[in-house]
Amino acid sequence: MLLKLHDFSHSVWGPLFATMVQNFWLTCVCFLLFAYFMLKLGKLFFTPLEMERKLHEIGYLSDGRRSLKDIANEIQKRRKCGDIPPVYPNGWFHVLASRELAVGDVKYISVLGEQLAVFRGTNGVAYIVNAYCPHLGANLGIGGQVVGNCIQCPFHGWVYRGEDGKCVKIPYSEKIPDFAQTKAWPCIEKNSTIYIWYHAEGIEPTWTPDDIEEIENGTWTYRGYTQHTINAHIEEIPENGSDISHLDHLHSSPIISGSDLRYSFSNWWQFAKHNWFAKWNPLDDEKHVGCLKLSHTISVLGYVIPFTALHMTARQTGPGLVFMKWSCVFGDGIFLHSVTPKEPLLQCMRHSLYASWTVPTIVAKILLYGEAMQVERDIMIWNHKTFVSKPLLVKEDRLINKHRRWYSQFFSENSPRLLMKKETLDW
Ligand code: FES
Ligand SMILES: [Fe+2]
């Protein structure tokens with residue numbers, strides 16, 4: 001033992017150890033820095049990417065005087081929105097990710113021009129009801145309590161059943177009138193997502209969102225999400241999938257060139273490019289589905305880098321959901337893409353990523369971030385463009401018209417339209 005201690009004190013570690021003991025505080029600081037560094041590294045490599053971008057953060061240019069928020073606000077008011085279709089199409093829409101609503105949770109959300117309370121009953125089922133209590137108008141989503149599979153209003157304590165919105169208890173009244181009921185919305189939970197059915201004619205669901213078995217059985221696991229707020233009509237976003245010609249122009253320069261279109265077209269980035277091959281078609285046997293086949297590679301100085309190949313089959317399912325299954329050299333997975341209108345011209349867009357265990361989380365994060373960078377280029381366009389109802393198209397653009405005909409099935413007689421906006425800011 002003595003010999004071992006003697007050996008240690010004469011090795012290189014001996015003096016270092018002695019210095020560390022003498023400099024207790026220095027040792028503590030080094031240890032904390034090391035722990036912090038390891039924590040950051042662990043986070044980078046092993047935790048999902050979760051990124052939310054607000055409206056003013058993408059595509060609005062600073063004038064050095066006003067805040068980007070003010071600029072976004074003014075452009076929103078000034079912009080000519082064009083001859084737009086109705087603003088809320090019929091179909092299923094993403095409301096929340098399942099993990100965002102625990103048993104007993106109540107959330108107030110505002111989508112599709114409706115004010116809603118979403119809650120999860122003690123049976124684990126998610127319910128959506130109108131937020132405003134029919135008694136005196138309190139908001140069930142703000143301070144409402146889950147009682148069994150019902151929600152209790154915070155004002156006078158009336159209790160509504162999640163399943164059908166029926167009032168089942170009035171704490172101070174013996175009798176519950178038959179008409180005491182709020183609206184319960186069709187709601188479905190699958191693919192770790194809570195969806196709502198919206199139909200302007202009050203028609204019950206005629207189809208359901210795709211079942212992604214690999215998410216349900218855990219073959220593909222959650223790797224993160226990105227969320228963007230966009231100032232555009234909802235149709236602009238899915239239409240992008242059929243607009244094949246813009247891929248080689250807008251999405252060609254490498255993602256390191258960023259999403260600010262003032263710089264991403266610079267000649268500096270010409271040494272590398274994204275290559276795209278895409279095809280879009282509506283399906284004959286599932287009327288509500290359009291299918292986009294997409295292949296992607298990156299080439300540097302004209303040489304295609306083989307491991308950057310990514311093949312995708314995207315099912316546009318209804319007006320606001322796209323199931324984008326992909327495979328690459330690391331494995332396979334899916335982007336769950338959704339667009340939900342918050343206001344007539346304000347969309348909440350999400351991409352959630354699930355991937356097989358063979359895809360390292362850091363690779364999945366790069367994919368998700370790369371997708372966000374590319375889509376932010378579109379957002380810079382969408383946030384400023386007008387909707388052209390009769391576009392000037394050439395033969396190569398014909399899929400755009402095909403897509404518009406397909407999308408028109410999601411509007412019906414009573415689909416809400418935007419009342420004509422004032423075209424100037426003059427009083
Ligand atoms: S307002 Fe809801 S119970 Fe009275
Ligand atoms: Fe695009």
# chains A, B, ... in the order shown; residues from 1 in each chain; ligands from 1
>>> residues_near_ligand(ligand="ligand 2", cutoff="9 Å", atoms="only C-alpha atoms and all ligand atoms", output="PyMOL selection string")
chain A and resi 237+240-241+243-244+246-247+250-251+374-379
>>> closest_atom_pairs(of="chain A", to="ligand 1", cutoff="6 Å", atoms="only C-alpha atoms and all ligand atoms", output="CSV")
residue,atom,partner,partner_atom_place_in_ligand_line,distance
A:Cys133,CA,ligand 1,2 (Fe),4.6
A:His135,CA,ligand 1,1 (S),4.7
A:Leu136,CA,ligand 1,1 (S),3.7
A:Gly137,CA,ligand 1,1 (S),4.8
A:Ala138,CA,ligand 1,1 (S),4.4
A:Cys153,CA,ligand 1,2 (Fe),4.7
A:Phe155,CA,ligand 1,4 (Fe),4.8
A:His156,CA,ligand 1,3 (S),3.8
A:Gly157,CA,ligand 1,3 (S),4.9
A:Trp158,CA,ligand 1,3 (S),4.4
>>> closest_residue(among="A:Gly202, A:Pro391, A:Pro319, A:Pro360", to="Pro89 (chain A)", atoms="only C-alpha atoms")
A:Pro319
>>> residues_around(residues="Leu294 (chain A)", least_positions_apart="2", cutoff="8 Å", atoms="only C-alpha atoms", output="list in words")
Trp276, Phe277, Ala278, Lys279, Leu292, His296, His311, Met312, Thr313 and Ala314 of chain A
>>> select_by_dssp(residues="region 326-400 of chain A", states="helix (DSSP H, G or I)", output="PyMOL selection string")
chain A and resi 361-382+395-400
>>> write_last_selection(atoms="C-alpha atoms", output="mmCIF file, in the first residue's frame")
data_model
loop_
_atom_site.group_PDB
_atom_site.id
_atom_site.type_symbol
_atom_site.label_atom_id
_atom_site.label_comp_id
_atom_site.auth_asym_id
_atom_site.auth_seq_id
_atom_site.Cartn_x
_atom_site.Cartn_y
_atom_site.Cartn_z
ATOM 1 C CA THR A 361 -31.143 11.901 -32.269
ATOM 2 C CA ILE A 362 -28.534 14.392 -33.483
ATOM 3 C CA VAL A 363 -29.232 13.308 -37.100
ATOM 4 C CA ALA A 364 -32.985 13.569 -36.503
ATOM 5 C CA LYS A 365 -32.468 17.070 -35.105
ATOM 6 C CA ILE A 366 -30.475 18.098 -38.177
ATOM 7 C CA LEU A 367 -33.294 16.782 -40.393
ATOM 8 C CA LEU A 368 -35.922 18.674 -38.401
ATOM 9 C CA TYR A 369 -33.859 21.850 -38.338
ATOM 10 C CA GLY A 370 -33.111 21.543 -42.071
ATOM 11 C CA GLU A 371 -36.821 21.148 -42.783
ATOM 12 C CA ALA A 372 -37.525 24.258 -40.680
ATOM 13 C CA MET A 373 -34.868 26.286 -42.543
ATOM 14 C CA GLN A 374 -36.360 25.310 -45.897
ATOM 15 C CA VAL A 375 -39.905 26.042 -44.812
ATOM 16 C CA GLU A 376 -38.858 29.421 -43.382
ATOM 17 C CA ARG A 377 -37.919 30.447 -46.924
ATOM 18 C CA ASP A 378 -41.512 29.691 -47.929
ATOM 19 C CA ILE A 379 -42.726 31.624 -44.886
ATOM 20 C CA MET A 380 -40.820 34.734 -45.981
ATOM 21 C CA ILE A 381 -42.763 34.469 -49.258
ATOM 22 C CA TRP A 382 -46.145 33.616 -47.668
ATOM 23 C CA LYS A 395 -47.706 24.275 -68.807
ATOM 24 C CA GLU A 396 -45.086 23.154 -66.259
ATOM 25 C CA ASP A 397 -47.187 24.710 -63.450
ATOM 26 C CA ARG A 398 -50.289 22.664 -64.274
ATOM 27 C CA LEU A 399 -50.237 20.742 -60.974
ATOM 28 C CA ILE A 400 -51.099 23.955 -59.147
#
>>> residues_around(residues="Asp178 (chain A)", least_positions_apart="2", cutoff="10 Å", atoms="only C-alpha atoms", output="list in words")
Lys166, Cys167, Val168, Lys175, Ile176, Ala180 and Gln181 of chain A
>>> residues_around(residues="region 331-342 of chain A", least_positions_apart="6", cutoff="6 Å", atoms="only C-alpha atoms", output="ChimeraX atom specification")
/A:93,111-112,320-325,348-356,358-359
>>> atom_distance(atom1="CA of Leu49 (chain A)", atom2="CA of Gly224 (chain A)")
4.5 Å
>>> residues_around(residues="Lys69 (chain A)", least_positions_apart="4", cutoff="12 Å", atoms="only C-alpha atoms", output="list in words")
Lys54, Leu55, His56, Glu57, Ile58, Gly59, Tyr60, Leu61, Ser62, Asp63, Arg65, Asn73, Glu74, Ile75 and Gln76 of chain A
>>> residues_around(residues="Asp105 (chain A)", least_positions_apart="6", cutoff="12 Å", atoms="only C-alpha atoms", output="NGL selection string")
:A and (98-99 or 117-122 or 124-128 or 140-151)
>>> select_by_dssp(residues="region 100-327 of chain A", states="strand (DSSP E or B)", output="PyMOL selection string")
chain A and resi 106-111+114-120+126-130+132+139+145-147+150-152+159-161+166-169+181+184+187-190+193-198+220-230+272-282+289-300+303-317+321-327
>>> atom_distance(atom1="CA of Ser192 (chain A)", atom2="CA of Glu114 (chain A)")
23.0 Å
>>> atom_distance(atom1="CA of Gly165 (chain A)", atom2="CA of Ala184 (chain A)")
4.8 Å
